[in-house]
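Trainee: Dropping the structure in here first, questions after.
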Amino acid sequence: MILNTSTWQRPTLADEHEIQTRVGAMLNDIRERGDIAITEYSERFDRFAPEIIELKPFVDYQLAPALAEAIKLAATRIERFAKKQRDSLTEMQFSDEFGEYGQRLLPIENMAAYIPGGRFPLISTALMTLIPARIAGCVSRVALSPSDHPALLAAASLAGATKFVRIGGAQAIAAAAYGCEWLSRVDMIVGPGNAYVAEAKAQLQSRVRIDTVAGPSEVLILADGKQNVAWLLEDAIAQAEHGPDALAVVASNGRQWLQMFEQSLQKNESARALAERQQIQLVFAETKADLIEFANRFGAEHLMLCHEGIGVETIRHAGAVFIGARSPVALGDYLSGPNHTLPTVASARRSSGLSVLDFLRVQTVQTIRNGSVLYQAAAEIAEAEGLQHHARSLRLRMP
Ligand SMILES: NC(=O)c1ccc[n+]([C@@H]2O[C@H](COP(=O)([O-])OP(=O)(O)OC[C@H]3O[C@@H](n4cnc5c(N)ncnc54)[C@H](O)[C@@H]3O)[C@@H](O)[C@H]2O)c1
Ligand SMILES: [Zn+2]
């Protein structure tokens with residue numbers, strides 16, 4: 001079935017309220033009963049107790065040579081992108097007749113990265129979260145994951161994790177936010193995860209800094225009438241592979257091309273099943289302008305721009321843009337370089353994907369040498385506010 005941009009609505013997430021309530025109860029319980037509760041939840045949901053795994057040097061994991069090389073290539077490319085990002089941010093200083101002013105960029109010192117491992121061990125997420133943190137200068141970089149897959153451990157080691165704790169789910173986020181036997185309380189937790197992980201991050205935001213809450217993964221593919229149907233169909237199926245909530249929307253202003261796409265989809269058993277569950281959706285736009293408007297309303301996590309008539313400058317709301325059919329999201333997932341931890345469910349309208357910026361804080365600095373005029377003006381405002389000691393503090397310094 002081909003939908004229309006004017007009537008399309010994002011599918012609502014199932015069980016949202018129930019997950020909020022359940023995670024809220026888990027967090028309260030962990031706050032009250034601490035490590036005992038953390039261990040109980042791990043044993044109940046994962047059938048193991050949390051443990052610290054000592055990381056070995058990357059080479060000691062003896063991965064298959066092709067995989068080892070691929071992980072090293074990914075790490076190099078992710079690190080290069082992160083370094084360029086770091087270099088694009090500058091400290092700043094200037095002076096005027098009264099003094100000097102500036103800003104310093106300081107890293108968050110203690111961070112933890114959640115690396116999903118329930119359904120699949122996300123080797124790439126170890127690189128995508130820990131490398132930018134290292135480049136930003138975070139001192140303590142704890143990896144948290146329910147997976148102890150050797151390639152995931154090797155990737156965490158290569159990315160520079162300073163500790164690895166095998167723990168999953170909301171209890172992992174609580175453990176890092178409150179501190180526990182296995183790790184000290186951290187200042188920041190980043191990384192994607194399932195609905196329990198995301199909800200725990202959202203609820204603990206007042207205690208710990210987080211990156212954006214990543215919900216179910218999604219792609220919006222904008223296509224003109226010239227695109228390779230087989231490639232883009234596989235991209236849609238690949239997106240849905242992330243999980244039962246993942247969504248792939250293929251939108252075009254080429255009606256015939258969409259019909260061709262639908263025919264191919266119907267012939268492909270997995271694609272047909274995904275379309276029946278609304279995980280792959282086809283959407284027709286009357287005009288190119290409608291297509292652009294739709295993309296900006298959608299605010300996709302991943303946007304594949306396979307449309308020669310649409311320039312990236314028209315796309316205001318998307319977490320990461322992949323231009324041209326030779327730039328599939330699956331490549332960005334692993335090793336083109338930009339981060340794969342991205343804002344989902346239209347939050348690209350207000351948030352960015354994970355980057356070196358997330359791990360930095362701005363500290364402002366000021367040195368006043370000769371401030372009489374400024375003391376006078378500030379004292380005027382202080383008096384108007386009724387803050388007499390503020391005014392005195394200023395006037396004492398006047399000649
Ligand atoms: N947006 C992004 O950038 C991005 C990137 C990669 C992955 N992801 C998402 O990460 C998610 C990975 O999910 P996953 O489940 O495979 O791994 P996960 O590691 O996020 O979650 C597994 C943990 O969930 C907990 N859990 C399982 N069932 C539970 C229950 N009934 N109640 C409470 N806790 C429970 C367990 O403790 C388990 O360790 C996917 O949804 C994927 O789309 C998003
Ligand atoms: Zn993917």
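Residue names in the structure tokens use chain letters A, B, ... in the order shown, residue numbers from 1 in each chain, and ligand numbers from 1 in the order shown.
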Do you know which residues are within 8 Å of ligand 1 using only C-alpha atoms and all ligand atoms? Can you write them as a ChimeraX atom specification?

Mentor: /A:22-23,41-42,45-46,114-122,125,145-147,167-172,191-197,214-218,242-243,245-246,301,333,340-344,353

Trainee: Those residues you just picked out, can you put them in a file as a compact mmCIF listing (two decimals), in the first residue's frame with N, CA and C atoms?

Mentor:
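Contents of part.txt, freshly written:
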# COMPACT_ATOMS: atom_id res chain seq x y z
N ARG A 22 7.50 0.80 34.88
CA ARG A 22 8.37 -0.31 35.31
C ARG A 22 9.78 0.17 35.59
N VAL A 23 10.30 1.03 34.72
CA VAL A 23 11.67 1.52 34.94
C VAL A 23 11.71 2.42 36.17
N TYR A 41 18.14 -7.73 39.51
CA TYR A 41 17.60 -7.43 38.16
C TYR A 41 18.47 -8.07 37.08
N SER A 42 19.79 -8.02 37.26
CA SER A 42 20.67 -8.65 36.26
C SER A 42 20.38 -10.14 36.17
N PHE A 45 16.81 -10.61 34.43
CA PHE A 45 16.67 -10.30 33.00
C PHE A 45 17.78 -10.90 32.14
N ASP A 46 18.95 -11.09 32.72
CA ASP A 46 20.11 -11.50 31.91
C ASP A 46 20.71 -12.84 32.34
N TYR A 114 27.06 3.04 27.25
CA TYR A 114 26.26 1.82 27.19
C TYR A 114 26.38 1.22 25.80
N ILE A 115 26.77 -0.03 25.73
CA ILE A 115 26.94 -0.70 24.44
C ILE A 115 25.92 -1.83 24.38
N PRO A 116 24.88 -1.67 23.54
CA PRO A 116 23.81 -2.67 23.53
C PRO A 116 24.35 -4.07 23.23
N GLY A 117 23.70 -5.03 23.85
CA GLY A 117 24.16 -6.40 23.65
C GLY A 117 23.05 -7.41 23.88
N GLY A 118 21.81 -6.92 23.92
CA GLY A 118 20.71 -7.85 24.13
C GLY A 118 20.50 -8.71 22.90
N ARG A 119 20.06 -8.04 21.83
CA ARG A 119 19.75 -8.77 20.60
C ARG A 119 21.02 -9.09 19.82
N PHE A 120 21.87 -8.07 19.65
CA PHE A 120 23.14 -8.25 18.91
C PHE A 120 24.25 -7.58 19.73
N PRO A 121 25.45 -8.13 19.72
CA PRO A 121 26.55 -7.40 20.36
C PRO A 121 27.00 -6.27 19.42
N LEU A 122 26.71 -5.02 19.77
CA LEU A 122 26.98 -3.92 18.83
C LEU A 122 28.44 -3.45 18.96
N THR A 125 29.19 0.12 18.27
CA THR A 125 28.81 1.14 19.26
C THR A 125 29.93 1.36 20.27
N SER A 145 28.00 -3.17 29.19
CA SER A 145 27.29 -3.96 28.19
C SER A 145 26.89 -5.30 28.77
N PRO A 146 25.70 -5.80 28.36
CA PRO A 146 25.35 -7.15 28.79
C PRO A 146 26.10 -8.22 27.98
N SER A 147 26.83 -7.80 26.95
CA SER A 147 27.50 -8.77 26.09
C SER A 147 28.97 -8.92 26.50
N ILE A 167 27.11 -5.67 32.39
CA ILE A 167 25.82 -5.37 33.02
C ILE A 167 24.94 -4.77 31.92
N GLY A 168 23.65 -5.06 31.95
CA GLY A 168 22.78 -4.57 30.88
C GLY A 168 21.54 -3.87 31.40
N GLY A 169 20.79 -3.30 30.49
CA GLY A 169 19.46 -2.78 30.79
C GLY A 169 19.43 -1.54 31.67
N ALA A 170 18.24 -1.26 32.24
CA ALA A 170 18.06 -0.08 33.10
C ALA A 170 18.96 -0.16 34.32
N GLN A 171 19.23 -1.39 34.78
CA GLN A 171 20.07 -1.52 35.98
C GLN A 171 21.51 -1.06 35.71
N ALA A 172 21.96 -1.18 34.46
CA ALA A 172 23.31 -0.69 34.12
C ALA A 172 23.35 0.83 34.22
N GLY A 191 25.13 6.56 24.81
CA GLY A 191 24.99 5.32 24.06
C GLY A 191 23.54 4.91 23.88
N PRO A 192 23.28 4.19 22.82
CA PRO A 192 21.92 3.74 22.54
C PRO A 192 21.56 2.53 23.38
N GLY A 193 20.34 2.10 23.26
CA GLY A 193 19.90 0.90 23.98
C GLY A 193 18.42 0.70 23.74
N ASN A 194 17.89 -0.36 24.31
CA ASN A 194 16.46 -0.63 24.10
C ASN A 194 15.61 0.32 24.95
N ALA A 195 14.31 0.08 24.95
CA ALA A 195 13.40 1.02 25.61
C ALA A 195 13.68 1.15 27.11
N TYR A 196 14.15 0.08 27.76
CA TYR A 196 14.43 0.15 29.20
C TYR A 196 15.65 1.03 29.47
N VAL A 197 16.66 0.85 28.63
CA VAL A 197 17.90 1.64 28.75
C VAL A 197 17.58 3.12 28.51
N ALA A 214 17.94 7.74 22.70
CA ALA A 214 17.76 7.12 21.38
C ALA A 214 16.65 6.08 21.46
N GLY A 215 15.62 6.29 20.69
CA GLY A 215 14.52 5.33 20.64
C GLY A 215 14.76 4.35 19.51
N PRO A 216 13.70 3.74 19.03
CA PRO A 216 13.86 2.76 17.94
C PRO A 216 14.43 3.41 16.68
N SER A 217 15.31 2.70 16.04
CA SER A 217 16.03 3.21 14.89
C SER A 217 15.10 3.41 13.68
N GLU A 218 15.43 4.36 12.82
CA GLU A 218 14.56 4.65 11.67
C GLU A 218 15.37 5.22 10.52
N HIS A 242 17.02 -3.92 12.90
CA HIS A 242 17.42 -3.47 14.24
C HIS A 242 16.45 -3.92 15.31
N GLY A 243 15.20 -4.15 14.96
CA GLY A 243 14.26 -4.59 15.99
C GLY A 243 12.83 -4.37 15.56
N ASP A 245 10.56 -2.46 16.53
CA ASP A 245 10.04 -1.08 16.48
C ASP A 245 10.69 -0.27 15.37
N ALA A 246 11.76 -0.80 14.77
CA ALA A 246 12.52 -0.02 13.79
C ALA A 246 11.65 0.26 12.57
N GLU A 301 16.06 10.08 11.94
CA GLU A 301 17.37 9.74 12.50
C GLU A 301 18.39 9.63 11.35
N ASP A 333 26.74 3.05 9.80
CA ASP A 333 26.62 2.30 11.05
C ASP A 333 28.00 1.84 11.53
N HIS A 340 27.25 7.02 14.70
CA HIS A 340 25.98 6.34 14.42
C HIS A 340 24.98 6.44 15.58
N THR A 341 25.38 7.06 16.67
CA THR A 341 24.45 7.24 17.79
C THR A 341 23.69 8.54 17.53
N LEU A 342 22.41 8.39 17.18
CA LEU A 342 21.68 9.52 16.58
C LEU A 342 20.32 9.71 17.22
N PRO A 343 19.78 10.94 17.13
CA PRO A 343 18.45 11.21 17.71
C PRO A 343 17.34 10.59 16.87
N THR A 344 16.42 9.91 17.56
CA THR A 344 15.34 9.20 16.84
C THR A 344 13.99 9.84 17.13
N GLY A 353 23.29 14.11 16.91
CA GLY A 353 23.89 12.82 17.20
C GLY A 353 25.07 13.00 18.14

Trainee: Find the spatial neighbours of segment 175-189 of chain A, counting only C-alpha atoms, within a cut-off of 6 Å - ignore same-chain residues fewer than 3 positions away - and output them as a ChimeraX atom specification.

Mentor: /A:110-113,171-172,208-210

Trainee: Take the residues just selected and output them with N, CA and C atoms as a CSV table (one decimal), in the first residue's frame.

Mentor:
chain,number,residue,atom,x,y,z
A,110,ASN,N,34.4,11.9,34.0
A,110,ASN,CA,34.0,10.4,34.2
A,110,ASN,C,32.8,10.1,33.4
A,111,MET,N,33.0,9.3,32.4
A,111,MET,CA,31.8,8.9,31.5
A,111,MET,C,31.7,7.4,31.5
A,112,ALA,N,30.5,7.0,31.1
A,112,ALA,CA,30.2,5.6,30.8
A,112,ALA,C,29.5,5.5,29.5
A,113,ALA,N,29.8,4.5,28.8
A,113,ALA,CA,29.1,4.3,27.5
A,113,ALA,C,28.3,3.0,27.6
A,171,GLN,N,19.2,-1.4,34.8
A,171,GLN,CA,20.1,-1.5,36.0
A,171,GLN,C,21.5,-1.1,35.7
A,172,ALA,N,22.0,-1.2,34.5
A,172,ALA,CA,23.3,-0.7,34.1
A,172,ALA,C,23.4,0.8,34.2
A,208,VAL,N,22.6,12.9,36.2
A,208,VAL,CA,23.7,12.5,35.3
A,208,VAL,C,23.4,13.1,33.9
A,209,ARG,N,24.5,13.6,33.3
A,209,ARG,CA,24.3,14.1,32.0
A,209,ARG,C,24.2,13.0,31.0
A,210,ILE,N,23.3,13.1,30.0
A,210,ILE,CA,23.2,12.1,29.0
A,210,ILE,C,23.2,12.7,27.6

Trainee: List as a VMD selection string the protein and nucleic acid residues lying within 10 Å of ligand 2, with only C-alpha atoms and all ligand atoms counted.

Mentor: chain A and resid 217 to 219 235 to 242 246 302 328 to 334 340

Trainee: Write out as an MDAnalysis selection string which residues come within 10 Å of Ala133 of chain A when counting only C-alpha atoms, dropping same-chain ones fewer than 3 positions away.

Mentor: chainID A and resid 82 107:113 127:130 136:141 159:161 190 354:360

Trainee: Would you mind reading off the distance between atom CA of Val249 of chain A and atom CA of Thr314 of chain A, one decimal, in Å?

Mentor: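 Between these atoms lies a distance of 18.7 Å.
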
Trainee: Between A:Val165, A:Lys84, A:Gln20, A:Arg104, which is the closest to Pro50 of chain A once you count only C-alpha atoms?

Mentor: A:Val165
